[in-house]
>>> print(open('upload_8.txt').read())   # compact mmCIF, C-alpha atoms
# COMPACT_ATOMS: atom_id res chain seq x y z
CA MET A 1239 4.69 21.14 46.77
CA PRO A 1240 7.94 19.18 46.17
CA ALA A 1241 11.12 20.59 47.71
CA SER A 1242 12.60 21.18 44.24
CA ALA A 1243 9.62 23.21 42.98
CA PRO A 1244 9.73 27.02 43.01
CA LEU A 1245 8.01 28.73 45.94
CA ILE A 1246 6.10 31.05 43.58
CA VAL A 1247 5.25 30.45 39.92
CA PRO A 1248 2.91 32.30 37.52
CA ASP A 1249 -0.71 31.12 37.48
CA PRO A 1250 -2.07 31.45 33.92
CA SER A 1251 -5.49 30.27 35.15
CA ASP A 1252 -5.94 33.21 37.56
CA PRO A 1253 -8.98 35.06 36.12
CA ARG A 1254 -7.71 38.42 37.43
CA LEU A 1255 -4.60 38.35 35.23
CA THR A 1256 -6.01 37.72 31.74
CA GLU A 1257 -9.27 38.23 29.91
CA LYS A 1258 -10.77 36.96 26.67
CA VAL A 1259 -11.12 39.41 23.75
CA SER A 1260 -12.63 38.71 20.33
CA GLY A 1261 -11.19 39.86 17.02
CA VAL A 1262 -10.10 38.64 13.59
CA ASN A 1263 -6.93 37.02 12.30
CA GLU A 1264 -4.92 37.66 9.11
CA LYS A 1265 -7.54 35.70 7.10
CA GLY A 1266 -10.44 37.72 8.44
CA GLU A 1267 -11.59 34.79 10.57
CA ARG A 1268 -13.25 35.53 13.91
CA LEU A 1269 -11.27 34.44 16.95
CA GLU A 1270 -11.12 34.79 20.71
CA THR A 1271 -7.77 35.24 22.43
CA SER A 1272 -6.39 35.86 25.92
CA VAL A 1273 -4.86 39.25 26.68
CA THR A 1274 -2.95 40.36 29.76
CA VAL A 1275 -4.80 42.67 32.14
CA GLU A 1276 -2.99 45.77 33.40
CA ARG A 1277 -4.31 48.06 36.10
CA PRO A 1278 -3.01 51.10 38.00
CA LEU A 1279 -1.59 50.76 41.51
CA THR A 1280 -0.81 53.93 43.47
CA LEU A 1281 1.93 53.52 46.06
CA TYR A 1282 2.13 55.53 49.27
CA LEU A 1283 5.04 55.47 51.70
CA ASN A 1284 3.43 56.41 54.99
CA ALA A 1285 1.40 59.56 54.13
CA GLN A 1286 3.32 60.49 50.96
CA GLU A 1287 2.21 59.49 47.47
CA ILE A 1288 5.21 58.09 45.59
CA VAL A 1289 4.11 56.78 42.19
CA THR A 1290 1.31 55.15 40.21
CA MET A 1291 2.44 51.95 38.49
CA MET A 1292 0.79 49.90 35.76
CA THR A 1293 0.81 46.26 36.86
CA ILE A 1294 -1.07 42.99 36.50
CA GLY A 1295 -2.02 43.36 40.17
CA ASP A 1296 -0.69 40.21 41.81
CA TYR A 1297 1.58 40.47 44.90
CA PRO A 1298 1.02 44.22 45.49
CA ASP A 1299 2.81 44.02 48.86
CA TYR A 1300 6.00 42.59 47.34
CA LEU A 1301 5.82 45.05 44.43
CA ALA A 1302 5.45 48.06 46.75
CA ILE A 1303 8.27 47.11 49.10
CA GLY A 1304 10.59 46.05 46.27
CA TYR A 1305 9.98 49.29 44.40
CA LEU A 1306 10.87 51.36 47.47
CA LEU A 1307 13.99 49.27 48.13
CA ASN A 1308 15.21 49.52 44.55
CA GLN A 1309 14.59 53.28 44.49
CA ASN A 1310 16.64 53.68 47.70
CA MET A 1311 13.58 54.93 49.61
CA LEU A 1312 13.76 51.93 51.92
CA LYS A 1313 16.95 50.49 53.37
CA PRO A 1314 17.37 46.78 54.14
CA SER A 1315 17.64 47.74 57.81
CA ASP A 1316 14.35 49.70 57.87
CA VAL A 1317 11.43 48.31 59.84
CA VAL A 1318 8.19 47.96 57.87
CA THR A 1319 5.29 48.03 60.31
CA GLY A 1320 2.56 47.27 57.79
CA VAL A 1321 1.49 47.03 54.16
CA ASP A 1322 -2.15 47.90 53.47
CA TYR A 1323 -3.70 47.11 50.08
CA ASP A 1324 -7.14 48.27 48.95
CA GLU A 1325 -8.10 46.45 45.76
CA ASP A 1326 -11.13 48.67 45.09
CA LEU A 1327 -9.18 51.93 45.46
CA GLU A 1328 -6.11 50.42 43.71
CA VAL A 1329 -3.86 51.76 46.45
CA VAL A 1330 -1.07 50.18 48.50
CA VAL A 1331 0.38 51.91 51.58
CA VAL A 1332 3.73 50.89 53.07
CA ARG A 1333 4.14 52.01 56.69
CA THR A 1334 7.53 52.23 58.37
CA GLU A 1335 8.75 52.72 61.91
CA ALA A 1336 10.90 55.71 60.87
CA HIS A 1337 9.57 58.99 59.52
CA THR A 1338 10.06 59.44 55.75
CA ASN A 1339 9.96 62.44 53.42
CA PHE A 1340 11.09 62.15 49.79
CA GLU A 1341 9.64 65.34 48.33
CA GLU A 1342 13.03 66.56 47.07
CA LYS A 1343 14.03 63.13 45.74
CA LEU A 1344 10.76 62.81 43.80
CA ARG A 1345 11.54 65.98 41.88
CA LYS A 1346 14.70 64.42 40.43
CA ARG A 1347 13.81 61.42 38.33
CA THR A 1348 14.81 59.72 35.11
CA GLN A 1349 12.44 57.72 32.90
CA THR A 1350 14.21 54.47 32.12
CA SER A 1351 14.06 52.20 29.10
CA GLY A 1352 11.79 49.79 30.96
CA CYS A 1353 8.49 49.02 29.25
CA ALA A 1354 5.45 50.50 31.05
CA GLN A 1355 7.59 53.58 31.83
CA GLY A 1356 10.08 52.54 34.46
CA THR A 1357 11.39 55.44 36.54
CA ALA A 1358 14.58 55.92 38.56
CA PHE A 1359 14.70 58.57 41.27
CA GLY A 1360 17.49 60.77 42.53
CA ASP A 1361 20.47 59.18 44.18
CA LEU A 1362 20.52 55.62 42.82
CA MET A 1363 23.86 56.00 41.08
CA GLU A 1364 25.52 57.31 44.24
CA ALA A 1365 24.08 54.42 46.26
CA LEU A 1366 25.65 51.85 43.91
CA SER A 1367 29.15 52.89 44.93
CA GLU A 1368 28.44 51.68 48.47
CA ILE A 1369 27.64 48.10 47.37
CA GLU A 1370 30.29 45.41 47.05
CA LEU A 1371 29.00 42.28 45.40
CA PRO A 1372 30.07 38.96 46.95
CA LYS A 1373 32.42 36.53 45.30
CA ALA A 1374 30.45 33.68 43.78
CA GLU A 1375 30.70 30.77 41.39
CA PHE A 1376 28.47 30.30 38.36
CA ARG A 1377 28.58 26.89 36.69
CA THR A 1378 27.45 26.56 33.10
CA SER A 1379 25.75 23.29 34.04
CA TRP A 1380 23.50 25.31 36.36
CA LEU A 1381 22.66 27.70 33.53
CA TYR A 1382 21.45 24.99 31.15
CA ARG A 1383 19.40 23.23 33.84
CA LEU A 1384 17.92 26.58 34.92
CA THR A 1385 16.92 27.70 31.44
CA HIS A 1386 15.31 24.32 30.75
CA ALA A 1387 13.36 24.44 34.03
CA ILE A 1388 12.21 28.03 33.46
CA ASN A 1389 11.22 27.41 29.83
CA THR A 1390 8.99 24.48 30.80
CA MET A 1391 7.19 26.21 33.72
CA PRO A 1392 3.66 27.66 33.45
CA SER A 1393 3.76 31.22 32.12
CA LEU A 1394 1.37 34.09 31.55
CA TYR A 1395 3.53 34.97 28.55
CA LEU A 1396 2.70 31.68 26.87
CA GLU A 1397 -0.98 32.16 27.74
CA ALA A 1398 -1.46 35.80 26.70
CA GLY A 1399 1.88 37.46 25.85
CA ALA A 1400 2.67 41.15 26.50
CA ILE A 1401 4.55 40.35 29.69
CA HIS A 1402 8.05 39.93 31.15
CA GLY A 1403 9.33 37.32 33.57
CA CYS A 1404 12.03 37.39 36.27
CA VAL A 1405 13.25 34.44 38.31
CA LEU A 1406 15.27 34.32 41.52
CA CYS A 1407 17.49 31.23 41.52
CA ARG A 1408 20.02 29.43 43.68
CA GLU A 1409 22.51 27.30 41.73
CA ASP A 1410 20.33 25.28 39.32
CA ARG A 1411 17.04 25.76 41.21
CA PRO A 1412 14.43 28.44 40.42
CA LEU A 1413 13.07 29.80 43.73
CA VAL A 1414 10.62 32.58 42.83
CA TYR A 1415 9.16 33.31 39.38
CA MET A 1416 7.35 36.63 38.90
CA GLU A 1417 5.79 38.14 35.78
CA ASP A 1418 4.41 41.61 34.97
CA VAL A 1419 3.79 44.01 32.10
CA GLY A 1420 7.06 45.76 32.93
CA ARG A 1421 10.27 43.92 33.76
CA HIS A 1422 10.98 46.53 36.45
CA ASN A 1423 7.76 45.44 38.22
CA ALA A 1424 8.73 41.77 38.05
CA VAL A 1425 12.15 42.44 39.56
CA ASP A 1426 10.65 44.69 42.26
CA LYS A 1427 8.28 41.90 43.30
CA ILE A 1428 11.25 39.62 43.80
CA ALA A 1429 13.12 42.30 45.79
CA GLY A 1430 10.05 42.67 48.01
CA TRP A 1431 9.81 38.91 48.50
CA MET A 1432 13.48 38.76 49.50
CA PHE A 1433 13.01 41.59 52.03
CA ARG A 1434 9.88 40.03 53.57
CA HIS A 1435 11.51 36.61 53.87
CA GLY A 1436 14.97 37.77 54.96
CA GLU A 1437 16.68 36.29 51.91
CA SER A 1438 20.22 37.40 51.05
CA GLY A 1439 21.26 37.91 47.44
CA ALA A 1440 24.81 36.66 48.00
CA ASP A 1441 24.15 33.07 46.84
CA LYS A 1442 21.52 33.91 44.23
CA ILE A 1443 21.29 34.21 40.43
CA PHE A 1444 18.81 36.59 38.79
CA TYR A 1445 17.23 35.57 35.49
CA THR A 1446 15.13 37.85 33.27
CA THR A 1447 13.46 37.60 29.89
CA GLY A 1448 14.09 41.31 29.32
CA ARG A 1449 16.98 43.33 27.97
CA LEU A 1450 20.08 43.88 30.11
CA THR A 1451 19.67 47.63 30.55
CA SER A 1452 21.14 50.01 33.11
CA GLU A 1453 17.92 49.68 35.12
CA MET A 1454 18.18 45.89 35.36
CA VAL A 1455 21.83 46.12 36.37
CA ILE A 1456 21.12 48.75 39.05
CA LYS A 1457 18.28 46.76 40.58
CA THR A 1458 20.23 43.49 40.59
CA VAL A 1459 23.21 45.16 42.26
CA ARG A 1460 20.94 46.83 44.84
CA MET A 1461 19.59 43.37 45.74
CA GLY A 1462 23.16 42.20 46.33
CA ILE A 1463 22.90 39.52 43.63
CA PRO A 1464 26.25 38.91 41.86
CA ILE A 1465 24.98 37.21 38.67
CA LEU A 1466 22.41 38.47 36.15
CA VAL A 1467 21.28 36.29 33.22
CA SER A 1468 18.96 37.13 30.34
CA ARG A 1469 17.73 35.44 27.20
CA SER A 1470 17.75 38.90 25.59
CA GLY A 1471 20.52 41.34 24.66
CA PHE A 1472 22.53 44.18 26.20
CA THR A 1473 22.69 47.95 26.22
CA ALA A 1474 26.08 49.67 26.31
CA TRP A 1475 25.34 51.47 29.57
CA GLY A 1476 24.12 48.25 31.14
CA VAL A 1477 27.45 46.60 30.30
CA GLN A 1478 29.43 49.61 31.55
CA LEU A 1479 27.61 49.68 34.89
CA ALA A 1480 27.96 45.91 35.31
CA ARG A 1481 31.72 46.17 34.83
CA GLN A 1482 31.96 49.07 37.29
CA CYS A 1483 29.98 47.14 39.92
CA GLY A 1484 31.64 43.75 39.38
CA LEU A 1485 28.39 42.09 38.28
CA THR A 1486 28.52 38.95 36.14
CA LEU A 1487 26.37 39.81 33.11
CA ILE A 1488 25.23 37.00 30.81
CA GLY A 1489 22.91 37.62 27.87
CA ARG A 1490 21.47 35.93 24.77
CA ALA A 1491 21.14 32.73 26.82
CA LYS A 1492 19.09 30.48 24.56
CA GLY A 1493 19.69 26.80 23.88
CA LYS A 1494 23.43 26.17 23.93
CA ARG A 1495 24.38 29.80 23.41
CA PHE A 1496 25.18 32.66 25.76
CA VAL A 1497 27.44 35.72 25.83
CA ALA A 1498 29.12 37.10 28.99
CA LEU A 1499 30.26 40.73 28.85
CA SER A 1500 31.16 41.32 32.50
CA GLY A 1501 32.34 39.27 35.46
CA GLU A 1502 33.52 36.32 33.38
CA ASP A 1503 35.90 35.27 36.18
CA ARG A 1504 32.94 33.81 38.13
CA ILE A 1505 32.03 31.39 35.34
CA VAL A 1506 33.05 27.71 35.58
CA PHE A 1507 32.71 26.01 32.19
CA ASP A 1508 31.79 22.54 33.42
CA GLN A 1509 29.07 21.59 30.91
CA ASP A 1510 29.74 19.34 27.91
CA LEU A 1511 27.76 21.14 25.20
CA SER A 1512 27.21 17.94 23.23
CA PHE A 1513 24.66 16.97 25.91
CA VAL A 1514 22.74 20.28 25.73
CA GLU A 1515 19.64 20.44 23.52
CA GLU A 1516 18.64 23.44 21.46
CA GLU A 1517 15.61 25.34 22.69
CA SER A 1518 12.21 24.01 21.65
CA ALA A 1519 10.15 26.56 19.68
CA ARG A 1520 7.00 25.86 21.71
CA HIS A 1521 8.79 26.84 24.94
CA ARG A 1522 10.22 30.15 23.72
CA ARG A 1523 9.74 33.07 26.06
CA LYS A 1524 9.97 36.80 25.38
CA GLY A 1525 13.34 37.74 23.90
CA ALA A 1526 13.66 34.60 21.80
CA GLU A 1527 14.39 36.55 18.65
CA ASP A 1528 16.74 39.21 20.15
>>> encode(input="upload_8.txt", output="structure tokens")
Amino acid sequence: MPASAPLIVPDPSDPRLTEKVSGVNEKGERLETSVTVERPLTLYLNAQEIVTMMTIGDYPDYLAIGYLLNQNMLKPSDVVTGVDYDEDLEVVVVRTEAHTNFEEKLRKRTQTSGCAQGTAFGDLMEALSEIELPKAEFRTSWLYRLTHAINTMPSLYLEAGAIHGCVLCREDRPLVYMEDVGRHNAVDKIAGWMFRHGESGADKIFYTTGRLTSEMVIKTVRMGIPILVSRSGFTAWGVQLARQCGLTLIGRAKGKRFVALSGEDRIVFDQDLSFVEEESARHRRKGAED
């Protein structure tokens, strides 16, 4: 794989991730189309059952670890001694060196706006106050090269729809591209990948096809990433949290356009817009009409 290519990209040809279903179109004509497969995955932390997630089923180890990190059940300093996945039982078990017990935390939870019923537990808001995002630079030339690269990559969304994508980037290079039925799952997979590979968020950019909600802001801040970009729009609480945490929040990033509602001081406007093309309709990802 060339040095400039992402380390992980979606594989639309993976037979586990889509299946063919027959039906009719608006003219009553018979057709066969690809649909995204979703399956349950029950997560255990040591001996304690934490949650059952609906997911496409790829990278269960990254998803499990990232979920626990982003729910403040794992700390970056914790030692993970093993991750066991049983595909038949649809169970993943994360084992840690330290004893864990989150019975009280599990009783206090908030269902988020994430599709596929994202959930936030307990003390996430308190944990945000302990995080100071690094100073960073974000060049608009990087943004336009990034969005072009991401829009022309293979995608399960283009194959079957009903899915969100998240991409971990450095400057103008996509590093890891994950997709799932819920954007919270896609971001958790990336958090798990970062933990397993010892990657810092300080020099990274996070890109998502989904809305810039409070959940997306919280998870990006917890990963220590100072810049969050989306092709979709904002929620008021997402903007408020981003401003409180010092996160650069950029939305509606399609073609030449984008809107920044937090952390504008990090942006360097170095791109001549006369050299930027509008987005091609055949490369549009989720959020294109938001």
>>> atom_distance(input="upload_8.txt", atom1="atom CA of A:Asn1308", atom2="atom CA of A:Glu1370")
15.8 Å
>>> residues_around(input="upload_8.txt", residues="A:Glu1409", least_positions_apart="2", cutoff="9 Å", atoms="all atoms listed in the file", output="mmCIF file with C-alpha atoms, keeping the file's coordinate frame")
data_model
loop_
_atom_site.group_PDB
_atom_site.id
_atom_site.type_symbol
_atom_site.label_atom_id
_atom_site.label_comp_id
_atom_site.auth_asym_id
_atom_site.auth_seq_id
_atom_site.Cartn_x
_atom_site.Cartn_y
_atom_site.Cartn_z
ATOM 1 C CA GLU A 1375 30.700 30.770 41.390
ATOM 2 C CA PHE A 1376 28.470 30.300 38.360
ATOM 3 C CA ARG A 1377 28.580 26.890 36.690
ATOM 4 C CA TRP A 1380 23.500 25.310 36.360
ATOM 5 C CA LEU A 1381 22.660 27.700 33.530
ATOM 6 C CA LEU A 1384 17.920 26.580 34.920
ATOM 7 C CA CYS A 1407 17.490 31.230 41.520
ATOM 8 C CA ARG A 1411 17.040 25.760 41.210
ATOM 9 C CA PRO A 1412 14.430 28.440 40.420
ATOM 10 C CA ASP A 1441 24.150 33.070 46.840
ATOM 11 C CA LYS A 1442 21.520 33.910 44.230
ATOM 12 C CA ILE A 1443 21.290 34.210 40.430
#
>>> closest_residue(input="upload_8.txt", among="A:Ala1474, A:Phe1433, A:Val1329, A:Pro1244", to="A:Arg1449", atoms="only C-alpha atoms")
A:Ala1474
>>> residues_around(input="upload_8.txt", residues="A:Val1514", least_positions_apart="2", cutoff="9 Å", atoms="only C-alpha atoms", output="JSON, numbers by chain")
{"A": [1382, 1493, 1494, 1509, 1510, 1511, 1512, 1516]}
>>> atom_distance(input="upload_8.txt", atom1="atom CA of A:Glu1267", atom2="atom CA of A:Ser1393")
26.7 Å
>>> residues_around(input="upload_8.txt", residues="stretch 1504-1506 of chain A", least_positions_apart="2", cutoff="10 Å", atoms="only C-alpha atoms", output="list in words")
Lys1373, Ala1374, Glu1375, Phe1376, Arg1377, Thr1378, Ser1379, Trp1380, Pro1464, Ile1465, Leu1485, Thr1486, Ile1488, Ala1498, Ser1500, Gly1501, Glu1502, Asp1508 and Gln1509 of chain A
>>> atom_distance(input="upload_8.txt", atom1="atom CA of A:Phe1496", atom2="atom CA of A:Leu1245")
26.8 Å
>>> closest_residue(input="upload_8.txt", among="A:Asp1296, A:Asp1322, A:Glu1517, A:Asp1426", to="A:Ile1388", atoms="all atoms listed in the file")
A:Glu1517
>>> residues_around(input="upload_8.txt", residues="A:Arg1254", least_positions_apart="5", cutoff="12 Å", atoms="all atoms listed in the file", output="PyMOL selection string")
chain A and resi 1249+1272-1277+1293-1296+1325+1394
>>> residues_around(input="upload_8.txt", residues="A:Met1311", least_positions_apart="2", cutoff="9 Å", atoms="only C-alpha atoms", output="ChimeraX atom specification")
/A:1283,1305-1309,1313,1338,1340
>>> closest_residue(input="upload_8.txt", among="A:Arg1460, A:Thr1446, A:Asp1503, A:Thr1334", to="A:Ala1424", atoms="all atoms listed in the file")
A:Thr1446
>>> closest_residue(input="upload_8.txt", among="A:Glu1270, A:Glu1335, A:Glu1341, A:Glu1437", to="A:Lys1258", atoms="only C-alpha atoms")
A:Glu1270
>>> closest_residue(input="upload_8.txt", among="A:Thr1447, A:Asn1389, A:Ser1452, A:Asn1423", to="A:Leu1301", atoms="only C-alpha atoms")
A:Asn1423
>>> closest_residue(input="upload_8.txt", among="A:Gly1476, A:Pro1250, A:Gly1430, A:Gly1489", to="A:Val1318", atoms="all atoms listed in the file")
A:Gly1430
